[in-house]
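File shown here: work22.pdb, holding PDB, C-alpha atoms.
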MODEL        1
ATOM      1  CA  MET A  27      24.551 140.310 157.011  1.00  0.00           C
ATOM      2  CA  PRO A  28      27.669 140.455 154.818  1.00  0.00           C
ATOM      3  CA  ALA A  29      28.303 143.708 152.989  1.00  0.00           C
ATOM      4  CA  ASN A  30      28.764 142.101 149.569  1.00  0.00           C
ATOM      5  CA  LEU A  31      25.097 141.271 149.023  1.00  0.00           C
ATOM      6  CA  ASN A  32      23.346 142.430 145.860  1.00  0.00           C
ATOM      7  CA  ARG A  33      19.785 142.482 147.138  1.00  0.00           C
ATOM      8  CA  THR A  34      17.557 141.308 149.910  1.00  0.00           C
ATOM      9  CA  VAL A  35      14.386 139.429 149.109  1.00  0.00           C
ATOM     10  CA  HIS A  36      11.638 138.419 151.506  1.00  0.00           C
ATOM     11  CA  SER A  37      10.556 134.832 151.124  1.00  0.00           C
ATOM     12  CA  PHE A  38       7.241 133.501 152.373  1.00  0.00           C
ATOM     13  CA  PHE A  39       8.874 132.542 155.667  1.00  0.00           C
ATOM     14  CA  ARG A  40      11.945 134.708 156.315  1.00  0.00           C
ATOM     15  CA  PRO A  41      14.209 137.200 154.575  1.00  0.00           C
ATOM     16  CA  PHE A  42      17.213 136.099 152.545  1.00  0.00           C
ATOM     17  CA  ALA A  43      19.751 137.881 150.405  1.00  0.00           C
ATOM     18  CA  CYS A  44      21.861 137.136 147.343  1.00  0.00           C
ATOM     19  CA  ASP A  45      25.578 137.663 146.956  1.00  0.00           C
ATOM     20  CA  GLU A  46      27.240 138.696 143.671  1.00  0.00           C
ATOM     21  CA  ARG A  47      27.404 135.058 142.505  1.00  0.00           C
ATOM     22  CA  GLY A  48      23.693 134.435 143.065  1.00  0.00           C
ATOM     23  CA  ILE A  49      24.273 132.380 146.215  1.00  0.00           C
ATOM     24  CA  VAL A  50      21.476 132.658 148.762  1.00  0.00           C
ATOM     25  CA  ILE A  51      22.496 133.870 152.202  1.00  0.00           C
ATOM     26  CA  ASP A  52      19.666 133.164 154.617  1.00  0.00           C
ATOM     27  CA  ALA A  53      19.165 134.752 158.016  1.00  0.00           C
ATOM     28  CA  ALA A  54      17.847 131.752 159.917  1.00  0.00           C
ATOM     29  CA  GLY A  55      15.960 132.505 163.096  1.00  0.00           C
ATOM     30  CA  PRO A  56      16.595 134.891 165.985  1.00  0.00           C
ATOM     31  CA  THR A  57      20.322 134.129 166.144  1.00  0.00           C
ATOM     32  CA  GLN A  58      20.708 135.433 162.574  1.00  0.00           C
ATOM     33  CA  LYS A  59      22.917 132.452 161.741  1.00  0.00           C
ATOM     34  CA  LEU A  60      23.753 132.707 158.049  1.00  0.00           C
ATOM     35  CA  GLU A  61      22.973 129.708 155.922  1.00  0.00           C
ATOM     36  CA  VAL A  62      24.014 129.259 152.277  1.00  0.00           C
ATOM     37  CA  ARG A  63      21.380 127.667 150.041  1.00  0.00           C
ATOM     38  CA  GLU A  64      20.797 126.948 146.371  1.00  0.00           C
ATOM     39  CA  ALA A  65      21.068 129.831 143.926  1.00  0.00           C
ATOM     40  CA  SER A  66      17.707 128.982 142.367  1.00  0.00           C
ATOM     41  CA  ARG A  67      15.959 131.619 144.490  1.00  0.00           C
ATOM     42  CA  CYS A  68      18.424 134.318 143.488  1.00  0.00           C
ATOM     43  CA  ARG A  69      18.711 134.687 139.743  1.00  0.00           C
ATOM     44  CA  ASN A  70      20.288 137.958 138.666  1.00  0.00           C
ATOM     45  CA  ASP A  71      20.838 136.560 135.180  1.00  0.00           C
ATOM     46  CA  PRO A  72      18.446 138.393 132.828  1.00  0.00           C
ATOM     47  CA  MET A  73      18.348 135.337 130.544  1.00  0.00           C
ATOM     48  CA  SER A  74      17.127 132.895 133.213  1.00  0.00           C
ATOM     49  CA  ASN A  75      13.498 131.798 133.261  1.00  0.00           C
ATOM     50  CA  LEU A  76      11.001 133.947 135.115  1.00  0.00           C
ATOM     51  CA  THR A  77       9.209 131.896 137.756  1.00  0.00           C
ATOM     52  CA  LYS A  78       5.882 132.383 139.477  1.00  0.00           C
ATOM     53  CA  ARG A  79       7.806 132.986 142.698  1.00  0.00           C
ATOM     54  CA  GLU A  80       9.775 135.837 141.112  1.00  0.00           C
ATOM     55  CA  ILE A  81       6.526 137.396 139.885  1.00  0.00           C
ATOM     56  CA  VAL A  82       5.119 137.254 143.424  1.00  0.00           C
ATOM     57  CA  LEU A  83       8.270 138.771 144.922  1.00  0.00           C
ATOM     58  CA  GLU A  84       8.341 141.610 142.386  1.00  0.00           C
ATOM     59  CA  ILE A  85       4.694 142.460 143.057  1.00  0.00           C
ATOM     60  CA  TYR A  86       5.402 142.306 146.792  1.00  0.00           C
ATOM     61  CA  GLN A  87       8.356 144.689 146.486  1.00  0.00           C
ATOM     62  CA  LYS A  88       6.224 147.186 144.542  1.00  0.00           C
ATOM     63  CA  THR A  89       3.011 146.978 146.578  1.00  0.00           C
ATOM     64  CA  LYS A  90       3.930 145.552 150.011  1.00  0.00           C
ATOM     65  CA  PHE A  91       0.686 143.536 149.958  1.00  0.00           C
ATOM     66  CA  PRO A  92       0.899 140.310 151.985  1.00  0.00           C
ATOM     67  CA  GLN A  93       2.688 137.634 149.966  1.00  0.00           C
ATOM     68  CA  LYS A  94      -0.021 135.057 150.668  1.00  0.00           C
ATOM     69  CA  GLN A  95      -2.576 137.398 149.082  1.00  0.00           C
ATOM     70  CA  ILE A  96      -0.312 137.949 146.050  1.00  0.00           C
ATOM     71  CA  VAL A  97       0.321 134.218 145.632  1.00  0.00           C
ATOM     72  CA  ASP A  98      -3.434 133.574 145.705  1.00  0.00           C
ATOM     73  CA  SER A  99      -4.119 136.327 143.150  1.00  0.00           C
ATOM     74  CA  VAL A 100      -1.397 135.157 140.763  1.00  0.00           C
ATOM     75  CA  GLN A 101      -2.525 131.531 141.076  1.00  0.00           C
ATOM     76  CA  GLN A 102      -6.173 132.442 140.503  1.00  0.00           C
ATOM     77  CA  THR A 103      -5.199 134.433 137.408  1.00  0.00           C
ATOM     78  CA  LEU A 104      -3.225 131.509 136.008  1.00  0.00           C
ATOM     79  CA  ASP A 105      -6.068 129.095 136.834  1.00  0.00           C
ATOM     80  CA  ILE A 106      -8.582 131.277 134.957  1.00  0.00           C
ATOM     81  CA  ILE A 107      -6.277 131.428 131.921  1.00  0.00           C
ATOM     82  CA  GLN A 108      -5.676 127.661 132.049  1.00  0.00           C
ATOM     83  CA  ASN A 109      -9.409 126.877 132.353  1.00  0.00           C
ATOM     84  CA  ALA A 110     -10.252 129.176 129.446  1.00  0.00           C
ATOM     85  CA  LEU A 111      -7.636 127.537 127.220  1.00  0.00           C
ATOM     86  CA  ALA A 112      -8.704 124.034 128.302  1.00  0.00           C
ATOM     87  CA  SER A 113     -12.282 124.843 127.280  1.00  0.00           C
ATOM     88  CA  GLY A 114     -11.131 126.042 123.833  1.00  0.00           C
ATOM     89  CA  ARG A 115     -11.306 129.801 124.430  1.00  0.00           C
ATOM     90  CA  ASN A 116      -8.550 132.174 123.309  1.00  0.00           C
ATOM     91  CA  VAL A 117      -7.027 134.506 125.897  1.00  0.00           C
ATOM     92  CA  GLU A 118      -6.357 138.091 124.830  1.00  0.00           C
ATOM     93  CA  LEU A 119      -4.157 140.235 127.070  1.00  0.00           C
ATOM     94  CA  ARG A 120      -3.997 143.734 125.579  1.00  0.00           C
ATOM     95  CA  ASN A 121      -0.497 145.041 124.804  1.00  0.00           C
ATOM     96  CA  PHE A 122       0.970 141.663 125.791  1.00  0.00           C
ATOM     97  CA  GLY A 123      -0.405 139.110 123.367  1.00  0.00           C
ATOM     98  CA  VAL A 124      -2.942 136.422 122.557  1.00  0.00           C
ATOM     99  CA  LEU A 125      -2.903 132.789 123.649  1.00  0.00           C
ATOM    100  CA  GLU A 126      -4.755 130.955 120.919  1.00  0.00           C
ATOM    101  CA  VAL A 127      -5.961 127.340 120.892  1.00  0.00           C
ATOM    102  CA  GLN A 128      -5.207 125.658 117.563  1.00  0.00           C
ATOM    103  CA  VAL A 129      -5.896 122.146 116.336  1.00  0.00           C
ATOM    104  CA  ARG A 130      -2.981 120.209 114.848  1.00  0.00           C
ATOM    105  CA  LYS A 131      -4.038 117.662 112.243  1.00  0.00           C
ATOM    106  CA  GLN A 132      -3.282 113.990 112.533  1.00  0.00           C
ATOM    107  CA  ARG A 133      -0.064 113.128 110.710  1.00  0.00           C
ATOM    108  CA  ILE A 134       2.376 110.354 110.080  1.00  0.00           C
ATOM    109  CA  GLY A 135       5.712 110.549 111.899  1.00  0.00           C
ATOM    110  CA  ARG A 136       8.828 108.409 111.867  1.00  0.00           C
ATOM    111  CA  ASN A 137      10.891 107.020 114.722  1.00  0.00           C
ATOM    112  CA  PRO A 138      14.489 108.133 114.021  1.00  0.00           C
ATOM    113  CA  ASN A 139      15.777 104.849 115.498  1.00  0.00           C
ATOM    114  CA  LYS A 140      13.520 102.767 113.221  1.00  0.00           C
ATOM    115  CA  PRO A 141      12.860 104.856 110.066  1.00  0.00           C
ATOM    116  CA  GLU A 142      10.935 102.056 108.372  1.00  0.00           C
ATOM    117  CA  ALA A 143       8.230 102.116 111.088  1.00  0.00           C
ATOM    118  CA  GLU A 144       5.554 104.774 110.651  1.00  0.00           C
ATOM    119  CA  VAL A 145       3.890 106.221 113.723  1.00  0.00           C
ATOM    120  CA  VAL A 146       0.494 107.923 113.662  1.00  0.00           C
ATOM    121  CA  ILE A 147       0.569 111.188 115.599  1.00  0.00           C
ATOM    122  CA  PRO A 148      -3.046 111.903 116.595  1.00  0.00           C
ATOM    123  CA  GLN A 149      -4.933 115.166 116.141  1.00  0.00           C
ATOM    124  CA  ARG A 150      -4.440 117.415 119.168  1.00  0.00           C
ATOM    125  CA  ALA A 151      -5.010 120.891 120.543  1.00  0.00           C
ATOM    126  CA  VAL A 152      -2.007 123.161 121.115  1.00  0.00           C
ATOM    127  CA  VAL A 153      -1.596 126.699 122.427  1.00  0.00           C
ATOM    128  CA  LYS A 154       0.010 129.278 120.161  1.00  0.00           C
ATOM    129  CA  PHE A 155       1.229 132.620 121.498  1.00  0.00           C
ATOM    130  CA  LYS A 156       1.090 135.712 119.319  1.00  0.00           C
ATOM    131  CA  SER A 157       2.865 138.671 120.860  1.00  0.00           C
ATOM    132  CA  GLY A 158       1.171 142.051 121.101  1.00  0.00           C
ATOM    133  CA  LYS A 159       2.361 145.367 119.717  1.00  0.00           C
ATOM    134  CA  ILE A 160       4.177 146.638 122.821  1.00  0.00           C
ATOM    135  CA  LEU A 161       5.845 143.279 123.481  1.00  0.00           C
ATOM    136  CA  LYS A 162       7.057 143.164 119.862  1.00  0.00           C
ATOM    137  CA  GLN A 163       8.599 146.618 120.292  1.00  0.00           C
ATOM    138  CA  GLU A 164      10.361 145.516 123.495  1.00  0.00           C
ATOM    139  CA  LEU A 165      11.669 142.334 121.841  1.00  0.00           C
ATOM    140  CA  LYS A 166      13.328 144.421 119.121  1.00  0.00           C
ATOM    141  CA  LYS A 167      15.498 146.011 121.845  1.00  0.00           C
ATOM    142  CA  ILE A 168      17.058 142.686 122.941  1.00  0.00           C
ATOM    143  CA  ASP A 169      20.797 142.279 122.348  1.00  0.00           C
ATOM    144  CA  LEU A 170      20.706 139.181 120.116  1.00  0.00           C
ATOM    145  CA  VAL A 171      24.444 138.519 120.391  1.00  0.00           C
ATOM    146  CA  LYS A 172      24.225 138.346 124.176  1.00  0.00           C
ATOM    147  CA  LEU A 173      21.100 136.174 123.957  1.00  0.00           C
ATOM    148  CA  GLN A 174      22.818 133.625 121.689  1.00  0.00           C
ATOM    149  CA  GLN A 175      25.824 133.358 124.036  1.00  0.00           C
ATOM    150  CA  THR A 176      23.697 131.889 126.828  1.00  0.00           C
TER
ENDMDL
END
Could the structure of this file be written out as structure tokens, please?
Amino acid sequence: MPANLNRTVHSFFRPFACDERGIVIDAAGPTQKLEVREASRCRNDPMSNLTKREIVLEIYQKTKFPQKQIVDSVQQTLDIIQNALASGRNVELRNFGVLEVQVRKQRIGRNPNKPEAEVVIPQRAVVKFKSGKILKQELKKIDLVKLQQT
């Protein structure tokens, strides 16, 4: 593998690595032929979205449990949270926050293209997130100038 790689990550099927630009360098098969793929699997940007895949890979790097087992555990956790919210229950995760189901009232909206036409927006359930104490403390440490530049 090239020497200018930032990190090596193990995918579900085979290892790959990221260069300094976030380009994926993939060791494909026994010949170790390098293949360049999309940078979506290799985000070093701290402001990019965190994906379920990145959660699985981070847990794998810390625990070395089989990735299939980690994927199943993460998916089951998300399914339980989703089912609880869909049934109207709030989800409280200590030190992280609370996912709360709220009901938005029916209201009248306007189409910006046709302001004279009123549109009825029906009553609906939405999920509101309220951050916990530790998360609030961590959010205060974010460099807001850098965050606004992205």
With the cut-off set at 12 Å and counting all atoms listed in the file, tabulate each residue of region 86-142 of chain A with an atom at most that distance from an atom of region 151-174 of chain A, showing the nearest atom pair and its distance in Å to one decimal, ordered by chain and increasing number, as JSON lines.
{"residue": "A:Ile107", "atom": "CA", "partner": "A:Val153", "partner_atom": "CA", "distance": 11.6}
{"residue": "A:Gln108", "atom": "CA", "partner": "A:Val153", "partner_atom": "CA", "distance": 10.5}
{"residue": "A:Ala110", "atom": "CA", "partner": "A:Val153", "partner_atom": "CA", "distance": 11.4}
{"residue": "A:Leu111", "atom": "CA", "partner": "A:Val153", "partner_atom": "CA", "distance": 7.8}
{"residue": "A:Ala112", "atom": "CA", "partner": "A:Ala151", "partner_atom": "CA", "distance": 9.2}
{"residue": "A:Ser113", "atom": "CA", "partner": "A:Ala151", "partner_atom": "CA", "distance": 10.7}
{"residue": "A:Gly114", "atom": "CA", "partner": "A:Ala151", "partner_atom": "CA", "distance": 8.7}
{"residue": "A:Arg115", "atom": "CA", "partner": "A:Val153", "partner_atom": "CA", "distance": 10.4}
{"residue": "A:Asn116", "atom": "CA", "partner": "A:Val153", "partner_atom": "CA", "distance": 8.9}
{"residue": "A:Val117", "atom": "CA", "partner": "A:Phe155", "partner_atom": "CA", "distance": 9.5}
{"residue": "A:Glu118", "atom": "CA", "partner": "A:Gly158", "partner_atom": "CA", "distance": 9.3}
{"residue": "A:Leu119", "atom": "CA", "partner": "A:Gly158", "partner_atom": "CA", "distance": 8.2}
{"residue": "A:Arg120", "atom": "CA", "partner": "A:Gly158", "partner_atom": "CA", "distance": 7.0}
{"residue": "A:Asn121", "atom": "CA", "partner": "A:Gly158", "partner_atom": "CA", "distance": 5.0}
{"residue": "A:Phe122", "atom": "CA", "partner": "A:Gly158", "partner_atom": "CA", "distance": 4.7}
{"residue": "A:Gly123", "atom": "CA", "partner": "A:Gly158", "partner_atom": "CA", "distance": 4.0}
{"residue": "A:Val124", "atom": "CA", "partner": "A:Lys156", "partner_atom": "CA", "distance": 5.2}
{"residue": "A:Leu125", "atom": "CA", "partner": "A:Phe155", "partner_atom": "CA", "distance": 4.7}
{"residue": "A:Glu126", "atom": "CA", "partner": "A:Lys154", "partner_atom": "CA", "distance": 5.1}
{"residue": "A:Val127", "atom": "CA", "partner": "A:Val153", "partner_atom": "CA", "distance": 4.7}
{"residue": "A:Gln128", "atom": "CA", "partner": "A:Val152", "partner_atom": "CA", "distance": 5.4}
{"residue": "A:Val129", "atom": "CA", "partner": "A:Ala151", "partner_atom": "CA", "distance": 4.5}
{"residue": "A:Arg130", "atom": "CA", "partner": "A:Ala151", "partner_atom": "CA", "distance": 6.1}
{"residue": "A:Lys131", "atom": "CA", "partner": "A:Ala151", "partner_atom": "CA", "distance": 9.0}
{"residue": "A:Gln132", "atom": "CA", "partner": "A:Ala151", "partner_atom": "CA", "distance": 10.7}
Pick from A:Phe91, A:Gln149, A:Gln101, A:Lys140: nearest to Arg79 (chain A), with all atoms listed in the file counted?
->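 Among the listed residues, A:Gln101 lies closest to Arg79 (chain A).
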What is the CA of Pro92 (chain A)-CA of Glu80 (chain A) distance in Å, reported with one decimal?
->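 CA of Glu80 (chain A) lies at a distance of 14.7 Å from CA of Pro92 (chain A).
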Measure the distance from CA of Ile134 (chain A) to CA of Val146 (chain A) in Å and round it to one decimal.
->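 Those two atoms sit 4.7 Å apart.
Taking CA of Val100 (chain A) and CA of Ile81 (chain A) as the two end points, the separation is 8.3 Å.
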As JSON, please report the centre and edge lengths, rounded to one decimal in Å, of the axis-aligned box that holds all listed atoms of region 156-171 of chain A with 3 Å of padding on each of the six sides.
{"center_x": 12.8, "center_y": 141.2, "center_z": 121.3, "size_x": 29.4, "size_y": 16.9, "size_z": 10.4}
Would you kindly translate the PyMOL selection byres ((chain A and resi 82) around 12) into the concrete residues it picks from this file, as a list in words?
->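 The output of the PyMOL selection byres ((chain A and resi 82) around 12) on this file is Val35, His36, Ser37, Phe38, Leu76, Thr77, Lys78, Arg79, Glu80, Ile81, Leu83, Glu84, Ile85, Tyr86, Gln87, Lys88, Thr89, Lys90, Phe91, Pro92, Gln93, Lys94, Gln95, Ile96, Val97, Asp98, Ser99, Val100 and Gln101 of chain A.
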Reconstruct region 93-122 of chain A at the level of N, CA and C atoms, and format the result as a PDB file, in the coordinates of the input.
ATOM      1  N   GLN A  93       2.291 138.571 151.011  1.00  0.00           N
ATOM      2  CA  GLN A  93       2.688 137.634 149.966  1.00  0.00           C
ATOM      3  C   GLN A  93       1.654 136.537 149.753  1.00  0.00           C
ATOM      4  N   LYS A  94       1.008 136.096 150.803  1.00  0.00           N
ATOM      5  CA  LYS A  94      -0.021 135.057 150.668  1.00  0.00           C
ATOM      6  C   LYS A  94      -1.137 135.552 149.754  1.00  0.00           C
ATOM      7  N   GLN A  95      -1.530 136.803 149.917  1.00  0.00           N
ATOM      8  CA  GLN A  95      -2.576 137.398 149.082  1.00  0.00           C
ATOM      9  C   GLN A  95      -2.111 137.486 147.618  1.00  0.00           C
ATOM     10  N   ILE A  96      -0.854 137.844 147.403  1.00  0.00           N
ATOM     11  CA  ILE A  96      -0.312 137.949 146.050  1.00  0.00           C
ATOM     12  C   ILE A  96      -0.237 136.574 145.404  1.00  0.00           C
ATOM     13  N   VAL A  97       0.235 135.587 146.156  1.00  0.00           N
ATOM     14  CA  VAL A  97       0.321 134.218 145.632  1.00  0.00           C
ATOM     15  C   VAL A  97      -1.056 133.749 145.199  1.00  0.00           C
ATOM     16  N   ASP A  98      -2.067 133.979 146.041  1.00  0.00           N
ATOM     17  CA  ASP A  98      -3.434 133.574 145.705  1.00  0.00           C
ATOM     18  C   ASP A  98      -3.928 134.275 144.447  1.00  0.00           C
ATOM     19  N   SER A  99      -3.670 135.563 144.326  1.00  0.00           N
ATOM     20  CA  SER A  99      -4.119 136.327 143.150  1.00  0.00           C
ATOM     21  C   SER A  99      -3.442 135.840 141.871  1.00  0.00           C
ATOM     22  N   VAL A 100      -2.133 135.629 141.934  1.00  0.00           N
ATOM     23  CA  VAL A 100      -1.397 135.157 140.763  1.00  0.00           C
ATOM     24  C   VAL A 100      -1.895 133.766 140.381  1.00  0.00           C
ATOM     25  N   GLN A 101      -2.068 132.888 141.372  1.00  0.00           N
ATOM     26  CA  GLN A 101      -2.525 131.531 141.076  1.00  0.00           C
ATOM     27  C   GLN A 101      -3.937 131.532 140.496  1.00  0.00           C
ATOM     28  N   GLN A 102      -4.815 132.362 141.035  1.00  0.00           N
ATOM     29  CA  GLN A 102      -6.173 132.442 140.503  1.00  0.00           C
ATOM     30  C   GLN A 102      -6.167 132.945 139.060  1.00  0.00           C
ATOM     31  N   THR A 103      -5.314 133.917 138.768  1.00  0.00           N
ATOM     32  CA  THR A 103      -5.199 134.433 137.408  1.00  0.00           C
ATOM     33  C   THR A 103      -4.744 133.329 136.451  1.00  0.00           C
ATOM     34  N   LEU A 104      -3.719 132.595 136.856  1.00  0.00           N
ATOM     35  CA  LEU A 104      -3.225 131.509 136.008  1.00  0.00           C
ATOM     36  C   LEU A 104      -4.263 130.402 135.852  1.00  0.00           C
ATOM     37  N   ASP A 105      -5.012 130.116 136.914  1.00  0.00           N
ATOM     38  CA  ASP A 105      -6.068 129.095 136.834  1.00  0.00           C
ATOM     39  C   ASP A 105      -7.162 129.501 135.850  1.00  0.00           C
ATOM     40  N   ILE A 106      -7.551 130.772 135.874  1.00  0.00           N
ATOM     41  CA  ILE A 106      -8.582 131.277 134.957  1.00  0.00           C
ATOM     42  C   ILE A 106      -8.102 131.156 133.507  1.00  0.00           C
ATOM     43  N   ILE A 107      -6.846 131.532 133.270  1.00  0.00           N
ATOM     44  CA  ILE A 107      -6.277 131.428 131.921  1.00  0.00           C
ATOM     45  C   ILE A 107      -6.233 129.958 131.490  1.00  0.00           C
ATOM     46  N   GLN A 108      -5.770 129.090 132.370  1.00  0.00           N
ATOM     47  CA  GLN A 108      -5.676 127.661 132.049  1.00  0.00           C
ATOM     48  C   GLN A 108      -7.049 127.065 131.760  1.00  0.00           C
ATOM     49  N   ASN A 109      -8.057 127.405 132.564  1.00  0.00           N
ATOM     50  CA  ASN A 109      -9.409 126.877 132.353  1.00  0.00           C
ATOM     51  C   ASN A 109      -9.999 127.367 131.036  1.00  0.00           C
ATOM     52  N   ALA A 110      -9.743 128.632 130.700  1.00  0.00           N
ATOM     53  CA  ALA A 110     -10.252 129.176 129.446  1.00  0.00           C
ATOM     54  C   ALA A 110      -9.626 128.444 128.254  1.00  0.00           C
ATOM     55  N   LEU A 111      -8.310 128.241 128.304  1.00  0.00           N
ATOM     56  CA  LEU A 111      -7.636 127.537 127.220  1.00  0.00           C
ATOM     57  C   LEU A 111      -8.092 126.083 127.135  1.00  0.00           C
ATOM     58  N   ALA A 112      -8.277 125.439 128.278  1.00  0.00           N
ATOM     59  CA  ALA A 112      -8.704 124.034 128.302  1.00  0.00           C
ATOM     60  C   ALA A 112     -10.112 123.871 127.743  1.00  0.00           C
ATOM     61  N   SER A 113     -10.925 124.923 127.829  1.00  0.00           N
ATOM     62  CA  SER A 113     -12.282 124.843 127.280  1.00  0.00           C
ATOM     63  C   SER A 113     -12.343 125.332 125.825  1.00  0.00           C
ATOM     64  N   GLY A 114     -11.175 125.664 125.245  1.00  0.00           N
ATOM     65  CA  GLY A 114     -11.131 126.042 123.833  1.00  0.00           C
ATOM     66  C   GLY A 114     -11.214 127.533 123.574  1.00  0.00           C
ATOM     67  N   ARG A 115     -11.233 128.348 124.614  1.00  0.00           N
ATOM     68  CA  ARG A 115     -11.306 129.801 124.430  1.00  0.00           C
ATOM     69  C   ARG A 115      -9.909 130.388 124.259  1.00  0.00           C
ATOM     70  N   ASN A 116      -9.796 131.429 123.440  1.00  0.00           N
ATOM     71  CA  ASN A 116      -8.550 132.174 123.309  1.00  0.00           C
ATOM     72  C   ASN A 116      -8.467 133.189 124.443  1.00  0.00           C
ATOM     73  N   VAL A 117      -7.242 133.538 124.824  1.00  0.00           N
ATOM     74  CA  VAL A 117      -7.027 134.506 125.897  1.00  0.00           C
ATOM     75  C   VAL A 117      -6.305 135.703 125.308  1.00  0.00           C
ATOM     76  N   GLU A 118      -6.946 136.863 125.378  1.00  0.00           N
ATOM     77  CA  GLU A 118      -6.357 138.091 124.830  1.00  0.00           C
ATOM     78  C   GLU A 118      -5.964 139.011 125.974  1.00  0.00           C
ATOM     79  N   LEU A 119      -4.685 139.322 126.055  1.00  0.00           N
ATOM     80  CA  LEU A 119      -4.157 140.235 127.070  1.00  0.00           C
ATOM     81  C   LEU A 119      -3.604 141.447 126.333  1.00  0.00           C
ATOM     82  N   ARG A 120      -4.352 142.531 126.345  1.00  0.00           N
ATOM     83  CA  ARG A 120      -3.997 143.734 125.579  1.00  0.00           C
ATOM     84  C   ARG A 120      -2.563 144.164 125.847  1.00  0.00           C
ATOM     85  N   ASN A 121      -1.877 144.570 124.804  1.00  0.00           N
ATOM     86  CA  ASN A 121      -0.497 145.041 124.804  1.00  0.00           C
ATOM     87  C   ASN A 121       0.518 143.961 125.151  1.00  0.00           C
ATOM     88  N   PHE A 122       0.059 142.765 125.497  1.00  0.00           N
ATOM     89  CA  PHE A 122       0.970 141.663 125.791  1.00  0.00           C
ATOM     90  C   PHE A 122       0.918 140.622 124.684  1.00  0.00           C
TER      91      PHE A 122
END
